[in-house]
4 protein chains.
Amino acid sequence: MTVSPFDHPYLSGLFGDTEIASQFSAAAEIETMLAFETALAAVEAREGVIPLDASSRIADVLKHFSPDMPALREAIGRDGVVVPELVRQLRRAVGDANDRNVHFGATSQDVIDTSLMIRLSRIRAILDKRMRDLLSDLKHLEQLHGANRLMGRTRMQAAIAITVSDRLRAWSGPLERHADALLDCVFPVQFGGAAGTLDAMGDKEAAAVRAGLAAALDLADRPQWQSQRDTIAGFAGLLSLITGALGKIGQDAALLAQDGSEIALSGGGASSAMAHKQNPVHAEILVTLARFNATQLSGMHQALVHEQERSGSAWSLEWLLLPQMAVATGASLRLGKSLVGSILRMGNS
Amino acid sequence: MTVSPFDHPYLSGLFGDTEIASQFSAAAEIETMLAFETALAAVEAREGVIPLDASSRIADVLKHFSPDMPALREAIGRDGVVVPELVRQLRRAVGDANDRNVHFGATSQDVIDTSLMIRLSRIRAILDKRMRDLLSDLKHLEQLHGANRLMGRTRMQAAIAITVSDRLRAWSGPLERHADALLDCVFPVQFGGAAGTLDAMGDKEAAAVRAGLAAALDLADRPQWQSQRDTIAGFAGLLSLITGALGKIGQDAALLAQDGSEIALSGGGASSAMAHKQNPVHAEILVTLARFNATQLSGMHQALVHEQERSGSAWSLEWLLLPQMAVATGASLRLGKSLVGSILRMGNS
Amino acid sequence: MTVSPFDHPYLSGLFGDTEIASQFSAAAEIETMLAFETALAAVEAREGVIPLDASSRIADVLKHFSPDMPALREAIGRDGVVVPELVRQLRRAVGDANDRNVHFGATSQDVIDTSLMIRLSRIRAILDKRMRDLLSDLKHLEQLHGANRLMGRTRMQAAIAITVSDRLRAWSGPLERHADALLDCVFPVQFGGAAGTLDAMGDKEAAAVRAGLAAALDLADRPQWQSQRDTIAGFAGLLSLITGALGKIGQDAALLAQDGSEIALSGGGASSAMAHKQNPVHAEILVTLARFNATQLSGMHQALVHEQERSGSAWSLEWLLLPQMAVATGASLRLGKSLVGSILRMGNS
Amino acid sequence: MTVSPFDHPYLSGLFGDTEIASQFSAAAEIETMLAFETALAAVEAREGVIPLDASSRIADVLKHFSPDMPALREAIGRDGVVVPELVRQLRRAVGDANDRNVHFGATSQDVIDTSLMIRLSRIRAILDKRMRDLLSDLKHLEQLHGANRLMGRTRMQAAIAITVSDRLRAWSGPLERHADALLDCVFPVQFGGAAGTLDAMGDKEAAAVRAGLAAALDLADRPQWQSQRDTIAGFAGLLSLITGALGKIGQDAALLAQDGSEIALSGGGASSAMAHKQNPVHAEILVTLARFNATQLSGMHQALVHEQERSGSAWSLEWLLLPQMAVATGASLRLGKSLVGSILRMGNS
């Protein structure tokens, strides 16, 4: 049952990214949903919205809570979201005395979107580190081979000689801008209640709880945004810009590797029919992942047409697209580093 | 490590399709790749291309062969395809005397594309059956409620009264055409060798082996098509037409369910915040899956630009897209049947 | 005011296609809309739905009718379709006695979709002819150079030698299948009235009028399909398959032209900076047009989610996409013929 | 010959935007290309790269230069870009003595990309103004009706009452963020010469000329970026975020207009079949334009895979997509303002 190569027992050896993918496991989603519910109870207790001992009880129980997964699976097929059943299980675990204090004032989208923000924020940190690494590798490559001559090519035709530095700067320029843009990304807490109005508590408490929740979960504070999907679509756009920049690198490397006179690569894939071939597999897959993300991005922007207070249809379209875009980006950075690291020589002195 | 909702422990309860997904499991891919290698050896022996006892030995060994999965995973990260390592394992298992007779004259793409064709052919049969079922359910619904009045709506405004039959025929018309188109799909064997020329054997043997292989695997015979991806892109287009037709049904049902005066549905999803709501979840997800496939289809058509004899980049883009499109289609038919089955009343008498 | 290169005073010299584009001019749309209204009146008169002399009067007036274009432009900004204002102008021209017999029983979508079907049917004929021509040119090329050797390339690496025939058959195979598929396309008349039920006349008359209209306009007869957009999306898919097949040819040619040892091309574009370059412009643009149509196709499938009896939103999305897809396909066939015709030599003897 | 509704004599009355479209006319492209060549000569003369009198002569001639359009049209069909022929015409007009000082050191991409940046910068100003206007209109609407009650709806089902303010803030929130992002956009001059290395002049002169050119044309200075398309793809992403935000407004308005109990709109489109209908056309077209831009964006990201120093194929794909995205965005803001302005009442007191 492994439909996506990102999840596949062996295809993931090429396309996958263990570190990013782990943020989209059921375990990670549940962990962050429980973090939301725990933090919510703590903050609500502090603000006097629920009793203090309810918060303690909730914290104790959720620390060791493990959901009934088959029940979650069955419920989502009916409810469209996992939260109603998860909350039901949590309330039962917490016990009658405090059950209504679990998830108090919150709704499914608060839990799921906030859980996603926590995990995207972690993913941002992973991507940031990898982009800095890759930029540093490119700088190192430039130090080694930057002064070499390379045939500049326009419209796939030899034009005039350039230096390897010229080419490498065209590779690193976009990545530098995207690394900066990653740092500018904002991941806001989502907290709005049934229809975004936090109707279960007073305005003052609502604002205080939301701010407290943001602080506890290390997210930005922002008024509920459950039908405003631009932050998520914008992040997806950045992911696709990153894979696009790496796709250009991959395409250039595959073209250089054609006759190999201007590049020497270590490694390279085997062929089942021709022992002599050294295929520039990682270069090619960078192109694949760029085109994959460019494809998915369209759907993320379709999902901006998010009707009324919550669109089940547009919202769940994001679920089918964004996780794979993030893993594709992680894989692209991994393969990009591998490709750059495999360049033994570039250009000619 | 479940990036895709189609593979996810609980999200697959909504988006998944066990029956279709099983055709994209590693096990199914390996089973059909072994079927290819076994049939290849048998046919090649019959045509005198390899010895008869080599074919027997290969059949015996492959019947019980179980691959070293971690080795496959590692190899694909290097080779970009799983076949070289799989063939290496097969040859080792078959033993020195016959190792060169395993996979004789074939290349990675022959194995992988033929394996895909076998599985798409099975999927076609599954989809065909479900579409006939759904069309029969729609006919039944028409018998029950077809004469009822329904407000016809254009540009989301009440126009003039129509009958429930009118609406249901707009639902079933495209599905009838797509069911016919499914039957017209052709799934050809792929057999071309290293660069499509079957250079390892004579022209006469090559044609006979390919025809025999097609017959053995219940596929159509066609000259190698490894860089001609139109059959696959065309099939993807049909998948998206099917989910599009169901998306229209879902959108209509969700709009009808708004005030509920013209439709009565059993079931419907729970809300974690509002006990009174009955969400038309399956209707909404039909829209989601339609938009998902419409998104993916673009990438399948990008992959038509498949350069030279084999594009690693364009080819593997298909792997990231097509399996999920097929599962989305299966899920859409499953949810469509569920939605139609949940209609207690439609229109007003 | 030429936003699209397909319409642009000079960019259309590369991307445009005069013959296909002329079918999307305002003049061609109006001509075919008037053909619909004229045929409708004639058939309705024959079936006794409107008086015979009304039909004669309508035919006389419409033969020489020229619309008030600024009024059409203004009206569409308000009505979303041009038909209400056009019909108002037609009725005024026909005069009081017969005004209600103009457009009797029809609605905007009947006129616009039928007009589109007439024009797509003409476009099919144009494309069919060009594809047969191109296939014949490819056959001729094979006769001249088919026996030459060409380096087979997989994953952009030299693999083993093939013949030019091998490559050319990979070029022509998809085009042959698409030429056959073009012949199978069905272009049905659309006639449904306000909400698809032809409520303005009896069932028997309605069926007879629709059949007569189809015959008069040389279209297929089919029950109204105004919310069933699969025929249009399917045609768009075929357009994108054609440009995709040509995109592969273009990509291959651009790669061959890199060092030019295996291809000799006449012509080729100039560079403003380098007099020595001969850019394989037409080959490149074939790739561009393939990727363009692959992009647009996604939107055509999004438009399958066509809610209720008529979706203003999904319907007009088609208008923004399909005409350009058709022109891109025409341009691609034009450039493909030019590219194939410019091949002086392919492969090496 | 009006393939695109954005250019169409009457369809542009709905989809078009005269102000934005005028920036994509042939006249505007030529005007800005001439501005580039004039500024280039002036700056190069100031830096001693070409003689001062050459610059004066070029300025004089270009001030009144009018190109031979049919020759441009013919040339682009051969060269793939208009610049070689345009420069040839300019040189002839300037005369033998100074012909080589026209376009000195520059290449096609310098002219075309810089021309585009100038025009995108103007478009940014237009969009910025319209977004501020629209946000102000939304604020006004909130002052009038913000305190009214509106049924909050999740999954297209009535949830709990919210206020009109709640809904309006979900409409304006993304637009506020996008208005800020518009101000952050950077439009850099492109100046690199044949292969990006400004090989025709010394490094010091090259940097000075580029900086001078940027200052003269009111663009940012940045090292040549001709194969780095992220700035353009990023801008396209912002356009699609804007139309997506407006698409949500349109979808909400169309849903509210269904029974009309919670919204009263002035105007609305006519139907050719039903005089009683008032279609919320502008609301629907906002959805259309959102889905249109979401579709196009995918192709803009495909174009990030821009091989080597200049990809004719990826570059010209942008030409087919970006202008229409900009006009769609302009039209969306125009229709959004019209829609908001037509709201007579929203919610119930």
# chains A, B, ... in the order shown; residues from 1 in each chain; ligands from 1

$ interface_residues --of "chain C" --to "chain A" --cutoff "8 Å" --atoms "only C-alpha atoms" --output "list of chain:residue names"
C:Arg155, C:Met156, C:Gln157, C:Ala158, C:Ala159, C:Ala254, C:Leu255, C:Ala257, C:Gln258, C:Asp259, C:Met274, C:Lys277, C:Gln278, C:Asn279, C:Pro280, C:Val281, C:Glu284

$ residues_around --residues "stretch 311-327 of chain C" --least-positions-apart "4" --cutoff "6 Å" --atoms "only C-alpha atoms" --output "count of residues only"
12

$ residues_around --residues "stretch 27-31 of chain B" --least-positions-apart "3" --cutoff "9 Å" --atoms "only C-alpha atoms" --output "JSON, numbers by chain"
{"A": [1], "B": [22, 23, 24, 34, 35, 36, 66, 67, 112, 115, 116, 119]}

$ residues_around --residues "A:Ala283" --least-positions-apart "4" --cutoff "8 Å" --atoms "only C-alpha atoms" --output "number ranges by chain"
A: 247, 249-251, 253-254, 287, 335-336, 339

$ write_last_selection --atoms "C-alpha atoms" --output "tab-separated table (two decimals), in the first residue's frame"
chain	number	residue	atom	x	y	z
A	247	GLY	CA	16.05	21.72	-11.40
A	249	ILE	CA	21.25	22.92	-11.76
A	250	GLY	CA	20.25	19.36	-12.55
A	251	GLN	CA	19.41	20.18	-16.16
A	253	ALA	CA	24.63	19.06	-15.07
A	254	ALA	CA	22.86	16.49	-17.23
A	287	VAL	CA	14.59	18.09	-12.98
A	335	LEU	CA	20.26	15.12	-4.25
A	336	GLY	CA	21.57	18.59	-5.08
A	339	LEU	CA	25.37	16.07	-7.20

$ select_by_dssp --residues "stretch 111-260 of chain A" --states "helix (DSSP H, G or I)" --output "PyMOL selection string"
chain A and resi 111-145+164-184+203-217+230-256
